[in-house]
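Visitor: Sharing input.tsv, TSV, C-alpha atoms and all ligand atoms:
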```
chain	number	residue	atom	x	y	z
A	1	MET	CA	0.00	0.00	0.00
A	2	LYS	CA	1.15	3.56	-0.68
A	3	ILE	CA	-0.15	6.04	1.88
A	4	LEU	CA	-0.10	9.81	1.77
A	5	VAL	CA	0.14	10.96	5.38
A	6	THR	CA	-0.48	14.63	6.00
A	7	GLY	CA	0.92	16.27	9.14
A	8	GLY	CA	3.34	13.38	9.61
A	9	ALA	CA	5.97	15.58	11.27
A	10	GLY	CA	3.69	16.30	14.23
A	11	PHE	CA	3.09	14.31	17.39
A	12	ILE	CA	0.57	11.66	16.32
A	13	GLY	CA	1.51	11.64	12.62
A	14	SER	CA	5.18	10.83	13.36
A	15	ASN	CA	4.18	8.09	15.81
A	16	PHE	CA	1.89	6.72	13.10
A	17	ILE	CA	4.68	6.65	10.49
A	18	HIS	CA	6.95	4.78	12.94
A	19	TYR	CA	4.13	2.37	13.75
A	20	MET	CA	3.34	1.67	10.09
A	21	PHE	CA	6.95	0.99	9.09
A	22	GLU	CA	7.29	-1.31	12.07
A	23	LYS	CA	4.17	-3.31	11.16
A	24	TYR	CA	4.13	-2.99	7.37
A	25	SER	CA	7.74	-2.52	6.32
A	26	ASN	CA	6.93	-2.87	2.61
A	27	TYR	CA	4.42	0.01	2.58
A	28	GLN	CA	5.37	3.31	1.00
A	29	ILE	CA	4.68	6.52	2.89
A	30	VAL	CA	4.70	10.05	1.50
A	31	ASN	CA	4.59	12.63	4.28
A	32	LEU	CA	3.16	16.03	3.32
A	33	ASP	CA	3.79	18.55	6.08
A	34	LYS	CA	4.01	22.33	6.16
A	35	LEU	CA	6.41	22.26	9.12
A	36	THR	CA	4.53	24.79	11.18
A	37	TYR	CA	5.81	25.40	14.71
A	38	ALA	CA	4.38	21.92	15.57
A	39	GLY	CA	6.14	20.03	12.78
A	40	ASN	CA	9.55	18.61	13.62
A	41	LEU	CA	11.56	16.40	11.27
A	42	GLU	CA	13.67	15.22	14.18
A	43	ASN	CA	10.63	13.09	15.06
A	44	LEU	CA	11.34	11.12	11.88
A	45	LYS	CA	15.13	10.86	11.90
A	46	ASP	CA	14.91	7.05	12.14
A	47	VAL	CA	13.01	6.74	8.86
A	48	GLU	CA	14.70	9.50	6.84
A	49	GLU	CA	16.91	7.06	4.93
A	50	ASN	CA	14.19	4.47	4.36
A	51	PRO	CA	13.68	4.14	0.57
A	52	ASN	CA	9.95	3.62	1.20
A	53	TYR	CA	9.68	7.04	2.85
A	54	LYS	CA	9.45	10.45	1.21
A	55	PHE	CA	9.02	13.88	2.77
A	56	VAL	CA	7.39	16.80	0.97
A	57	ARG	CA	7.21	20.20	2.58
A	58	GLY	CA	3.91	21.82	1.65
A	59	ASP	CA	0.61	23.30	2.80
A	60	ILE	CA	-2.66	21.36	2.55
A	61	ALA	CA	-4.40	24.72	2.21
A	62	ASP	CA	-2.74	25.14	-1.21
A	63	PRO	CA	-5.14	23.40	-3.65
A	64	GLU	CA	-2.75	23.23	-6.59
A	65	LEU	CA	0.07	21.74	-4.56
A	66	VAL	CA	-2.25	19.16	-3.03
A	67	ASN	CA	-3.75	18.15	-6.37
A	68	ASN	CA	-0.38	17.96	-8.16
A	69	LEU	CA	1.14	15.86	-5.41
A	70	ILE	CA	-1.76	13.40	-5.35
A	71	GLU	CA	-1.76	13.19	-9.17
A	72	GLU	CA	2.00	12.49	-9.12
A	73	GLU	CA	2.15	10.06	-6.21
A	74	LYS	CA	-1.13	8.19	-6.84
A	75	PRO	CA	-1.49	6.97	-3.24
A	76	ASP	CA	-3.86	4.12	-2.38
A	77	ALA	CA	-4.97	5.98	0.73
A	78	ILE	CA	-4.72	9.38	2.38
A	79	VAL	CA	-4.56	9.70	6.16
A	80	ASN	CA	-5.15	13.27	7.26
A	81	PHE	CA	-3.44	14.30	10.51
A	82	ALA	CA	-2.48	17.81	9.37
A	83	ALA	CA	-4.13	20.37	11.59
A	84	GLU	CA	-3.68	23.24	13.92
A	85	SER	CA	-4.23	21.27	17.11
A	86	HIS	CA	-3.77	23.42	20.21
A	87	VAL	CA	-6.94	24.79	21.83
A	88	ASP	CA	-5.17	27.72	23.58
A	89	ARG	CA	-3.71	28.92	20.27
A	90	SER	CA	-7.16	28.74	18.64
A	91	ILE	CA	-8.43	31.16	21.29
A	92	LEU	CA	-5.62	33.63	20.57
A	93	GLU	CA	-5.35	33.24	16.76
A	94	PRO	CA	-8.20	31.27	15.18
A	95	ASP	CA	-7.53	32.10	11.50
A	96	ALA	CA	-4.93	29.40	10.87
A	97	PHE	CA	-7.37	26.83	12.26
A	98	ILE	CA	-9.96	27.67	9.62
A	99	ASN	CA	-7.39	27.71	6.87
A	100	THR	CA	-5.71	24.39	7.66
A	101	ASN	CA	-8.44	22.39	9.35
A	102	VAL	CA	-11.35	23.41	7.13
A	103	VAL	CA	-9.95	24.68	3.81
A	104	GLY	CA	-7.00	22.25	3.92
A	105	THR	CA	-9.19	19.22	4.56
A	106	HIS	CA	-11.51	20.30	1.76
A	107	ASN	CA	-8.58	20.56	-0.68
A	108	LEU	CA	-7.55	17.01	0.20
A	109	LEU	CA	-11.10	15.75	-0.30
A	110	LYS	CA	-11.39	17.46	-3.69
A	111	ALA	CA	-8.06	16.03	-4.84
A	112	ALA	CA	-8.92	12.55	-3.49
A	113	PHE	CA	-12.17	12.66	-5.46
A	114	GLY	CA	-10.62	14.12	-8.61
A	115	ASN	CA	-7.87	11.50	-8.76
A	116	GLY	CA	-9.98	8.35	-8.80
A	117	LYS	CA	-11.83	8.44	-5.46
A	118	ILE	CA	-8.87	7.67	-3.24
A	119	ARG	CA	-9.56	6.05	0.13
A	120	PHE	CA	-9.56	8.83	2.74
A	121	HIS	CA	-9.17	8.55	6.49
A	122	HIS	CA	-9.69	11.67	8.59
A	123	VAL	CA	-8.24	11.92	12.09
A	124	SER	CA	-10.54	13.93	14.33
A	125	THR	CA	-11.21	14.57	17.98
A	126	ASP	CA	-13.75	14.00	20.74
A	127	GLU	CA	-13.84	17.78	21.25
A	128	VAL	CA	-16.35	18.09	18.37
A	129	PHE	CA	-19.01	16.64	20.72
A	130	GLY	CA	-18.72	19.45	23.29
A	131	SER	CA	-18.54	19.02	27.03
A	132	LEU	CA	-20.07	16.46	29.42
A	133	GLY	CA	-21.48	16.84	32.92
A	134	PRO	CA	-20.15	14.51	35.65
A	135	ASN	CA	-22.94	11.93	35.19
A	136	ASP	CA	-23.52	12.17	31.45
A	137	PRO	CA	-22.93	9.06	29.35
A	138	ALA	CA	-19.70	9.09	27.31
A	139	PHE	CA	-19.62	10.35	23.71
A	140	ASN	CA	-20.33	7.81	21.00
A	141	GLU	CA	-20.69	7.84	17.21
A	142	SER	CA	-24.22	9.24	17.35
A	143	THR	CA	-23.61	12.03	19.86
A	144	PRO	CA	-24.69	15.33	18.24
A	145	TYR	CA	-21.89	17.75	17.38
A	146	ASP	CA	-21.58	20.72	19.77
A	147	PRO	CA	-18.08	22.19	19.45
A	148	HIS	CA	-17.10	25.05	21.79
A	149	SER	CA	-13.65	26.36	20.82
A	150	PRO	CA	-12.45	27.68	17.46
A	151	TYR	CA	-10.27	24.52	17.34
A	152	SER	CA	-13.12	22.09	17.89
A	153	ALA	CA	-15.45	24.09	15.62
A	154	SER	CA	-12.90	23.87	12.80
A	155	LYS	CA	-12.47	20.11	13.36
A	156	ALA	CA	-16.27	19.68	13.40
A	157	ALA	CA	-16.51	21.55	10.08
A	158	SER	CA	-13.85	19.28	8.58
A	159	ASP	CA	-15.69	16.16	9.78
A	160	HIS	CA	-18.89	17.42	8.15
A	161	LEU	CA	-17.07	17.98	4.87
A	162	VAL	CA	-15.63	14.46	4.97
A	163	ARG	CA	-19.12	13.03	5.54
A	164	ALA	CA	-20.53	15.22	2.77
A	165	TYR	CA	-17.97	13.83	0.29
A	166	PHE	CA	-19.10	10.32	1.19
A	167	HIS	CA	-22.83	11.01	0.88
A	168	THR	CA	-22.69	13.30	-2.15
A	169	PHE	CA	-19.75	11.94	-4.15
A	170	ASN	CA	-19.32	8.40	-2.84
A	171	LEU	CA	-15.75	9.11	-1.75
A	172	PRO	CA	-14.60	6.10	0.34
A	173	VAL	CA	-14.02	7.79	3.69
A	174	THR	CA	-13.73	6.91	7.36
A	175	ILE	CA	-13.36	9.19	10.39
A	176	SER	CA	-11.93	8.51	13.83
A	177	ASN	CA	-12.78	10.76	16.80
A	178	CYS	CA	-10.33	10.07	19.59
A	179	SER	CA	-9.67	11.34	23.08
A	180	ASN	CA	-6.53	13.08	24.41
A	181	ASN	CA	-3.34	11.33	23.31
A	182	TYR	CA	-0.10	11.15	25.28
A	183	GLY	CA	3.31	9.64	24.52
A	184	PRO	CA	6.69	10.41	22.91
A	185	TYR	CA	7.23	13.31	20.46
A	186	MET	CA	4.39	15.30	22.04
A	187	PHE	CA	4.94	19.03	21.59
A	188	PRO	CA	5.74	20.70	24.93
A	189	GLU	CA	2.85	23.16	24.85
A	190	LYS	CA	0.31	20.49	25.87
A	191	LEU	CA	-0.39	19.44	29.45
A	192	PHE	CA	1.76	16.29	29.79
A	193	PRO	CA	4.97	17.34	28.04
A	194	LEU	CA	4.78	20.93	29.34
A	195	PHE	CA	4.52	19.72	32.92
A	196	ILE	CA	7.20	17.02	32.55
A	197	THR	CA	9.74	19.34	30.87
A	198	ASN	CA	9.01	22.22	33.26
A	199	LEU	CA	9.72	19.94	36.21
A	200	ILE	CA	13.00	18.73	34.65
A	201	GLU	CA	13.91	22.42	34.25
A	202	GLY	CA	12.97	23.14	37.87
A	203	LYS	CA	10.00	25.30	36.82
A	204	LYS	CA	6.46	25.26	38.20
A	205	VAL	CA	3.51	23.70	36.35
A	206	PRO	CA	0.57	25.98	35.41
A	207	LEU	CA	-2.71	24.28	36.37
A	208	TYR	CA	-5.76	26.00	34.86
A	209	GLY	CA	-8.77	26.98	37.02
A	210	ASP	CA	-9.79	24.48	39.72
A	211	GLY	CA	-7.95	21.61	37.99
A	212	ARG	CA	-11.09	19.49	37.98
A	213	ASN	CA	-11.62	19.28	34.23
A	214	VAL	CA	-11.67	15.69	33.08
A	215	ARG	CA	-9.96	14.23	30.01
A	216	ASP	CA	-9.81	10.63	28.79
A	217	TRP	CA	-6.16	9.67	28.13
A	218	LEU	CA	-5.23	7.41	25.21
A	219	HIS	CA	-1.68	6.26	24.56
A	220	VAL	CA	-0.61	7.41	21.10
A	221	ARG	CA	0.49	3.88	20.12
A	222	ASP	CA	-2.96	2.50	20.90
A	223	HIS	CA	-4.39	5.30	18.76
A	224	CYS	CA	-2.06	4.46	15.84
A	225	ARG	CA	-3.08	0.80	16.05
A	226	ALA	CA	-6.74	1.86	15.84
A	227	ILE	CA	-6.11	4.01	12.76
A	228	ALA	CA	-4.22	1.19	11.01
A	229	LEU	CA	-7.14	-1.15	11.70
A	230	ILE	CA	-9.69	1.33	10.39
A	231	ILE	CA	-7.71	1.90	7.19
A	232	HIS	CA	-7.56	-1.84	6.53
A	233	LYS	CA	-10.87	-3.08	7.89
A	234	GLY	CA	-13.09	-0.10	8.71
A	235	LYS	CA	-16.49	0.17	7.06
A	236	ILE	CA	-16.60	2.87	4.41
A	237	GLY	CA	-18.64	5.93	5.38
A	238	GLU	CA	-18.39	5.16	9.09
A	239	THR	CA	-17.09	7.02	12.11
A	240	TYR	CA	-15.22	5.27	14.94
A	241	CYS	CA	-14.80	6.68	18.45
A	242	VAL	CA	-11.43	5.76	19.97
A	243	GLY	CA	-10.84	6.17	23.72
A	244	GLY	CA	-8.39	5.20	26.43
A	245	ALA	CA	-10.84	4.08	29.18
A	246	CYS	CA	-8.85	6.42	31.38
A	247	GLU	CA	-10.80	9.43	32.67
A	248	LYS	CA	-8.78	11.65	35.01
A	249	THR	CA	-8.97	15.20	36.32
A	250	ASN	CA	-6.08	17.51	35.50
A	251	LYS	CA	-5.35	17.63	39.22
A	252	GLU	CA	-4.99	13.83	39.36
A	253	ILE	CA	-2.65	13.95	36.36
A	254	THR	CA	-0.60	16.73	37.95
A	255	TYR	CA	-0.20	14.89	41.27
A	256	LYS	CA	0.74	11.67	39.45
A	257	ILE	CA	3.43	13.44	37.40
A	258	LEU	CA	4.75	15.17	40.54
A	259	GLU	CA	4.88	11.84	42.37
A	260	LEU	CA	6.63	9.97	39.55
A	261	MET	CA	9.16	12.79	39.21
A	262	GLY	CA	9.80	13.07	42.95
A	263	LYS	CA	8.46	16.64	43.26
A	264	GLY	CA	6.08	18.25	45.75
A	265	GLU	CA	2.84	20.20	45.36
A	266	GLU	CA	4.70	23.49	45.87
A	267	MET	CA	5.58	23.09	42.16
A	268	ILE	CA	1.93	23.70	41.18
A	269	GLU	CA	1.08	27.20	40.06
A	270	LYS	CA	-2.65	27.85	39.92
A	271	VAL	CA	-3.36	30.07	36.93
A	272	ALA	CA	-6.44	31.62	35.32
A	273	ASP	CA	-8.76	29.19	33.58
A	274	ARG	CA	-8.85	28.67	29.79
A	275	LEU	CA	-11.72	30.62	28.17
A	276	GLY	CA	-14.71	28.36	27.50
A	277	HIS	CA	-12.83	25.44	29.09
A	278	ASP	CA	-14.72	22.18	28.41
A	279	ARG	CA	-15.41	20.36	31.66
A	280	ARG	CA	-15.31	16.71	30.73
A	281	TYR	CA	-14.63	14.43	27.76
A	282	ALA	CA	-15.23	10.67	27.77
A	283	ILE	CA	-15.44	8.12	24.97
A	284	ASP	CA	-17.58	5.02	24.56
A	285	PHE	CA	-15.49	2.89	22.18
A	286	ARG	CA	-17.78	-0.16	22.01
A	287	LYS	CA	-18.28	0.14	18.24
A	288	ILE	CA	-14.61	-0.23	17.29
A	289	LYS	CA	-14.26	-2.95	19.92
A	290	ILE	CA	-17.15	-5.00	18.54
A	291	GLU	CA	-16.56	-4.35	14.82
A	292	LEU	CA	-12.77	-4.34	14.63
A	293	GLY	CA	-11.66	-5.98	17.88
A	294	TRP	CA	-9.73	-2.89	19.06
A	295	GLU	CA	-9.31	-1.77	22.64
A	296	PRO	CA	-6.64	0.25	24.43
A	297	GLU	CA	-3.77	-1.88	25.73
A	298	THR	CA	-1.46	0.54	27.53
A	299	ILE	CA	-1.83	0.71	31.29
A	300	PHE	CA	-1.88	4.41	32.15
A	301	GLU	CA	0.80	4.36	34.84
A	302	ASP	CA	3.17	2.40	32.55
A	303	GLY	CA	2.53	4.75	29.64
A	304	LEU	CA	3.15	7.80	31.81
A	305	LYS	CA	6.34	6.36	33.33
A	306	ASN	CA	7.66	5.55	29.85
A	307	MET	CA	6.76	9.02	28.67
A	308	ILE	CA	8.63	10.66	31.55
A	309	GLU	CA	11.66	8.44	30.83
A	310	TRP	CA	11.48	9.40	27.16
A	311	TYR	CA	11.54	13.13	27.98
A	312	LYS	CA	14.45	12.58	30.40
A	313	ASN	CA	16.37	10.68	27.70
A	314	ASN	CA	15.55	13.13	24.91
A	315	GLU	CA	16.37	16.47	26.48
A	316	ILE	CA	18.09	17.71	23.33
A	317	TRP	CA	14.87	17.13	21.37
A	318	TRP	CA	12.63	19.23	23.62
A	319	ARG	CA	15.23	21.83	24.58
A	320	LYS	CA	15.66	22.68	20.88
A	321	ILE	CA	11.89	23.13	20.67
A	322	LYS	CA	11.60	25.24	23.79
A	323	SER	CA	14.47	27.48	22.55
A	324	GLY	CA	13.10	27.69	18.98
A	325	GLU	CA	16.35	26.31	17.49
A	326	TYR	CA	14.60	23.45	15.65
A	327	GLN	CA	12.87	25.82	13.23
A	328	GLU	CA	15.96	27.73	12.15
A	329	TYR	CA	17.27	24.44	10.76
A	330	TYR	CA	14.27	23.91	8.45
A	331	GLU	CA	14.35	27.40	7.08
A	332	LYS	CA	17.92	26.69	5.93
A	333	ASN	CA	17.47	23.10	4.74
A	334	TYR	CA	13.94	22.50	3.47
A	335	ALA	CA	12.51	24.51	0.61
A	336	ARG	CA	8.73	24.77	0.53
A	337	ARG	CA	7.13	23.12	-2.45
B	1	LIG	P1	0.43	18.45	16.03
B	1	LIG	O1	0.05	19.88	16.22
B	1	LIG	O2	1.47	17.84	16.90
B	1	LIG	O3	0.90	18.22	14.52
B	1	LIG	C1	0.25	18.77	13.43
B	1	LIG	C2	1.13	18.59	12.19
B	1	LIG	O4	0.43	19.12	11.05
B	1	LIG	C3	2.47	19.33	12.27
B	1	LIG	O5	3.51	18.50	11.80
B	1	LIG	C4	2.26	20.53	11.36
B	1	LIG	O6	3.47	21.00	10.78
B	1	LIG	C5	1.30	19.97	10.32
B	1	LIG	N1	0.51	21.01	9.67
B	1	LIG	C6	-0.18	22.02	10.27
B	1	LIG	N2	-0.76	22.79	9.34
B	1	LIG	C7	-0.48	22.23	8.13
B	1	LIG	C8	-0.82	22.56	6.80
B	1	LIG	N3	-1.57	23.63	6.52
B	1	LIG	N4	-0.37	21.76	5.80
B	1	LIG	C9	0.42	20.69	6.07
B	1	LIG	N5	0.79	20.34	7.31
B	1	LIG	C10	0.34	21.10	8.34
B	1	LIG	O7	-0.94	17.65	16.11
B	1	LIG	P2	-1.24	16.21	16.72
B	1	LIG	O8	-1.42	16.34	18.17
B	1	LIG	O9	-0.26	15.25	16.18
B	1	LIG	O10	-2.67	15.92	16.08
B	1	LIG	C11	-2.80	15.27	14.83
B	1	LIG	C12	-4.27	15.17	14.48
B	1	LIG	O11	-4.95	14.46	15.48
B	1	LIG	C13	-4.97	16.52	14.38
B	1	LIG	O12	-5.85	16.48	13.30
B	1	LIG	C14	-5.71	16.66	15.69
B	1	LIG	O13	-6.87	17.44	15.52
B	1	LIG	C15	-6.04	15.22	15.99
B	1	LIG	N6	-6.19	14.90	17.42
B	1	LIG	C16	-5.16	15.13	18.29
B	1	LIG	C17	-5.29	14.75	19.64
B	1	LIG	C18	-4.20	14.96	20.64
B	1	LIG	O14	-4.38	14.61	21.80
B	1	LIG	N7	-3.04	15.48	20.26
B	1	LIG	C19	-6.48	14.17	20.07
B	1	LIG	C20	-7.52	13.99	19.15
B	1	LIG	C21	-7.35	14.33	17.83
B	2	LIG	O1	-0.71	24.50	30.90
B	2	LIG	C1	-1.77	23.85	30.89
B	2	LIG	N1	-2.49	23.72	32.06
B	2	LIG	C2	-3.67	23.04	32.14
B	2	LIG	O2	-4.28	22.95	33.20
B	2	LIG	C3	-2.29	23.23	29.71
B	2	LIG	C4	-1.53	23.35	28.41
B	2	LIG	C5	-3.48	22.55	29.79
B	2	LIG	N2	-4.17	22.47	30.96
B	2	LIG	C6	-5.46	21.73	30.99
B	2	LIG	C7	-6.44	22.11	29.90
B	2	LIG	C8	-7.15	20.80	29.61
B	2	LIG	O3	-8.23	20.62	30.50
B	2	LIG	O4	-5.13	20.36	30.74
B	2	LIG	C9	-6.10	19.73	29.90
B	2	LIG	C10	-5.41	19.22	28.66
B	2	LIG	O5	-5.02	20.35	27.91
B	2	LIG	P1	-4.25	20.23	26.49
B	2	LIG	O6	-3.05	19.38	26.67
B	2	LIG	O7	-4.10	21.59	25.93
B	2	LIG	O8	-5.30	19.34	25.66
B	2	LIG	P2	-6.84	19.61	25.26
B	2	LIG	O9	-7.19	21.03	25.28
B	2	LIG	O10	-7.67	18.67	26.09
B	2	LIG	O11	-6.81	19.11	23.72
B	2	LIG	C11	-6.04	17.96	23.32
B	2	LIG	O12	-6.87	16.82	23.20
B	2	LIG	C12	-7.83	16.80	22.18
B	2	LIG	C13	-5.34	18.21	22.01
B	2	LIG	O13	-4.52	19.36	22.11
B	2	LIG	C14	-6.32	18.36	20.87
B	2	LIG	O14	-5.64	18.49	19.63
B	2	LIG	C15	-7.20	17.13	20.83
B	2	LIG	O15	-8.20	17.26	19.85
```
Just dump the structure as structure tokens.
Guide:
Amino acid sequence: MKILVTGGAGFIGSNFIHYMFEKYSNYQIVNLDKLTYAGNLENLKDVEENPNYKFVRGDIADPELVNNLIEEEKPDAIVNFAAESHVDRSILEPDAFINTNVVGTHNLLKAAFGNGKIRFHHVSTDEVFGSLGPNDPAFNESTPYDPHSPYSASKAASDHLVRAYFHTFNLPVTISNCSNNYGPYMFPEKLFPLFITNLIEGKKVPLYGDGRNVRDWLHVRDHCRAIALIIHKGKIGETYCVGGACEKTNKEITYKILELMGKGEEMIEKVADRLGHDRRYAIDFRKIKIELGWEPETIFEDGLKNMIEWYKNNEIWWRKIKSGEYQEYYEKNYARR
């Protein structure tokens, strides 16, 4: 199989490329990535020399580039990870979210349709479903959409476009809506890696509001396994909810990280809450379990311990990001297409 992965230099996309080469070493992967602040080719150093791997620097919001690349490469499938993904940034500067998440996804859909109805998998989020109360049932595939942030609204719009291309044009699509991922190569602006790297640096960790917002944590490798299954065996036109069976408050996460890193609660800095902060996300993943036999395998404490070890062993990786050095390198070495 030849797969066009978009956003493969980001957190989940790079984990997915590693996972696919490990499991399907004869597959070809073309990685189209704009290398925004979140894209980092150091995540893919191990596969750079692999003859089955190709990197193209480019923007999914550029329709001509997207169409030419798909026409040239003729992939069997497209897996769309490319997105602006950080909720806090969407509150400060929403425009890029509309451009990449909505316009970019639409360009990919148009090109997939125009080049022989290429199989299209769209990676989305549980945030499109809104926010749950403490006793509400978890989100599932028929939960109505109710996005609250510019990020989740843009992802919801992209999901609707993907569904529209299935219903109107018969494009063979699938969508996965997953919960919060954690694991290696996670950009240190998000809760887990920000807190872990701050503590290594001797800095405090900024906990928003009362710290009682709940997220469901899914190890990135479990997520990649789910996507691979959906691409191979998922039913066309369907959505799959993917969760970690691991609901925790941010306070619980913070105390667990402090404990595993041998730090005390004096390292917590209570800061103002995120605007419009969703209270709780939870995922009912029975459909993918029954239809495709998937369920999360990583035990949370093991996954978190491994993640902390990874950040301790890869200080150069995240220090270059925190200092901004990683981006100077691309500007010198990678021309945009
Ligand atoms: P990320 O921010 O780490 O990576 C995004 C990647 O997309 C980067 O490599 C970036 O350079 C690239 N990109 C951004 N704009 C682009 C454009 N216009 N053209 C081409 N490439 C572009 O994101 P992530 O956390 O790896 O998330 C990947 C996908 O999974 C996203 O679609 C996100 O909405 C979804 N998702 C993420 C999580 C999570 O917990 N991180 C949970 C649910 C869903
Ligand atoms: O410094 C912080 N302090 C804090 O208390 C940060 C960065 C976050 N938080 C809180 C906000 C959230 O309740 O921690 C929780 C997790 O925050 P993020 O890591 O920013 O993730 P979240 O907003 O839940 O969104 C993530 O999961 C769903 C991804 O960034 C999205 O791309 C994905 O769709």
Visitor: Hey, what's within 6 Å of region 291-308 of chain A if we count all atoms listed in the file and toss same-chain stuff fewer than 3 positions away? As a PyMOL selection string, please?
Guide: chain A and resi 183-184+222+244+287-288+311
Visitor: Neighbours of ligand LIG 2 (chain B) within 9 Å, counting all atoms listed in the file, as a VMD selection string?
Guide: chain A and resid 83 to 88 124 to 128 151 to 152 155 177 to 182 188 to 195 205 to 217 249 to 251 253 to 254 270 to 271 273 to 274 277 to 281
Visitor: Work out where the centre of an axis-aligned box around every listed atom of ligand LIG 1 (chain B) lies and how long its edges are once 6 Å is added on each side; give both in Å to one decimal as JSON.
Guide:
```
{"center_x": -2.0, "center_y": 18.8, "center_z": 13.8, "size_x": 23.0, "size_y": 21.6, "size_z": 28.0}
```
Visitor: I need the residue nearest Ser90 (chain A) from this list: A:Gly262, A:Gly202, A:Gly276, A:Pro137. Use only C-alpha atoms for the distance.
Guide: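 Of A:Gly262, A:Gly202, A:Gly276, A:Pro137, the one nearest Ser90 (chain A), counting only C-alpha atoms, is A:Gly276.
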Visitor: Just give me the gap between CA of Ala282 (chain A) and CA of Phe139 (chain A) in Å, one decimal is fine.
Guide: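 So the two atoms, CA of Ala282 (chain A) and CA of Phe139 (chain A), lie 6.0 Å apart.
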Visitor: Please compute the CA of His160 (chain A)-CA of Tyr19 (chain A) distance, one decimal, in Å.
Guide: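 Result for CA of His160 (chain A) versus CA of Tyr19 (chain A): 28.1 Å, one decimal.
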Visitor: Could you check which of A:His148, A:Lys235, A:Lys45, A:His219 is closest to ligand LIG 1 (chain B), using all atoms listed in the file?
Guide: A:His219
Visitor: What separation in Å, quoted to one decimal, exists between atom C13 of ligand LIG 1 (chain B) and CA of Pro134 (chain A)?
Guide: 26.2 Å
Visitor: Neighbours of Ser158 (chain A) within 7 Å (all atoms listed in the file; same-chain residues fewer than 6 positions away dropped), as a PDB file with C-alpha atoms, keeping the file's coordinate frame?
Guide:
```
ATOM      1  CA  ASN A 101      -8.440  22.390   9.350  1.00  0.00           C
ATOM      2  CA  VAL A 102     -11.350  23.410   7.130  1.00  0.00           C
ATOM      3  CA  THR A 105      -9.190  19.220   4.560  1.00  0.00           C
TER       4      THR A 105
END
```
Visitor: In the coordinate frame of the file, compute which residues have an atom within 10 Å of (3.0, 21.0, 45.0) when using all atoms listed in the file, and state them as a tab-separated table (two decimals) with C-alpha atoms, in the frame of the given file.
Guide:
```tsv
chain	number	residue	atom	x	y	z
A	204	LYS	CA	6.46	25.26	38.20
A	205	VAL	CA	3.51	23.70	36.35
A	254	THR	CA	-0.60	16.73	37.95
A	255	TYR	CA	-0.20	14.89	41.27
A	258	LEU	CA	4.75	15.17	40.54
A	259	GLU	CA	4.88	11.84	42.37
A	263	LYS	CA	8.46	16.64	43.26
A	264	GLY	CA	6.08	18.25	45.75
A	265	GLU	CA	2.84	20.20	45.36
A	266	GLU	CA	4.70	23.49	45.87
A	267	MET	CA	5.58	23.09	42.16
A	268	ILE	CA	1.93	23.70	41.18
A	269	GLU	CA	1.08	27.20	40.06
```
Visitor: Can you pull out every residue within 7 Å of Asp33 (chain A), counting only C-alpha atoms, but drop anything in the same chain fewer than 2 positions away, and send it as a list in words?
Guide: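 Within the cut-off, the hits are Thr6, Gly7, Gly8, Ala9, Asn31, Leu35, Val56, Arg57, Gly58 and Asp59 of chain A.
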Visitor: Determine, counting only C-alpha atoms, which protein, DNA and RNA residues have an atom within 7 Å of an atom of Val66 (chain A); residues of the same chain fewer than 4 positions away are not included. Present the result as a PyMOL selection string.
Guide: chain A and resi 60+62+70+107-108+111
Visitor: Is it possible to get the residues within 9 Å of (0.3, 10.5, -3.4) (coordinates as in the file, counting all atoms listed in the file) written as JSON, numbers by chain?
Guide: {"A": [2, 3, 4, 5, 29, 30, 68, 69, 70, 71, 72, 73, 74, 75, 76, 77, 78]}
Visitor: Between A:Gln28, A:Thr100, A:Asn50, A:Asn15, which is the closest to ligand LIG 1 (chain B) once you count only C-alpha atoms and all ligand atoms?
Guide: A:Thr100
Visitor: Give me the residues near Tyr185 (chain A) as a count of residues only, where near means some atom within 10 Å (using all atoms listed in the file) and where sequence neighbours in that chain fewer than 5 positions away do not count.
Guide: 19
Visitor: May I ask which of the residues A:Ala61, A:Ala38, A:Met20, A:Met261 is the closest one to Val103 (chain A), counting only C-alpha atoms?
Guide: A:Ala61
Visitor: With only C-alpha atoms as the atoms that count, which of A:Lys289, A:Lys54, A:Arg221, A:Lys233 lies nearest to His121 (chain A)?
Guide: A:Lys233
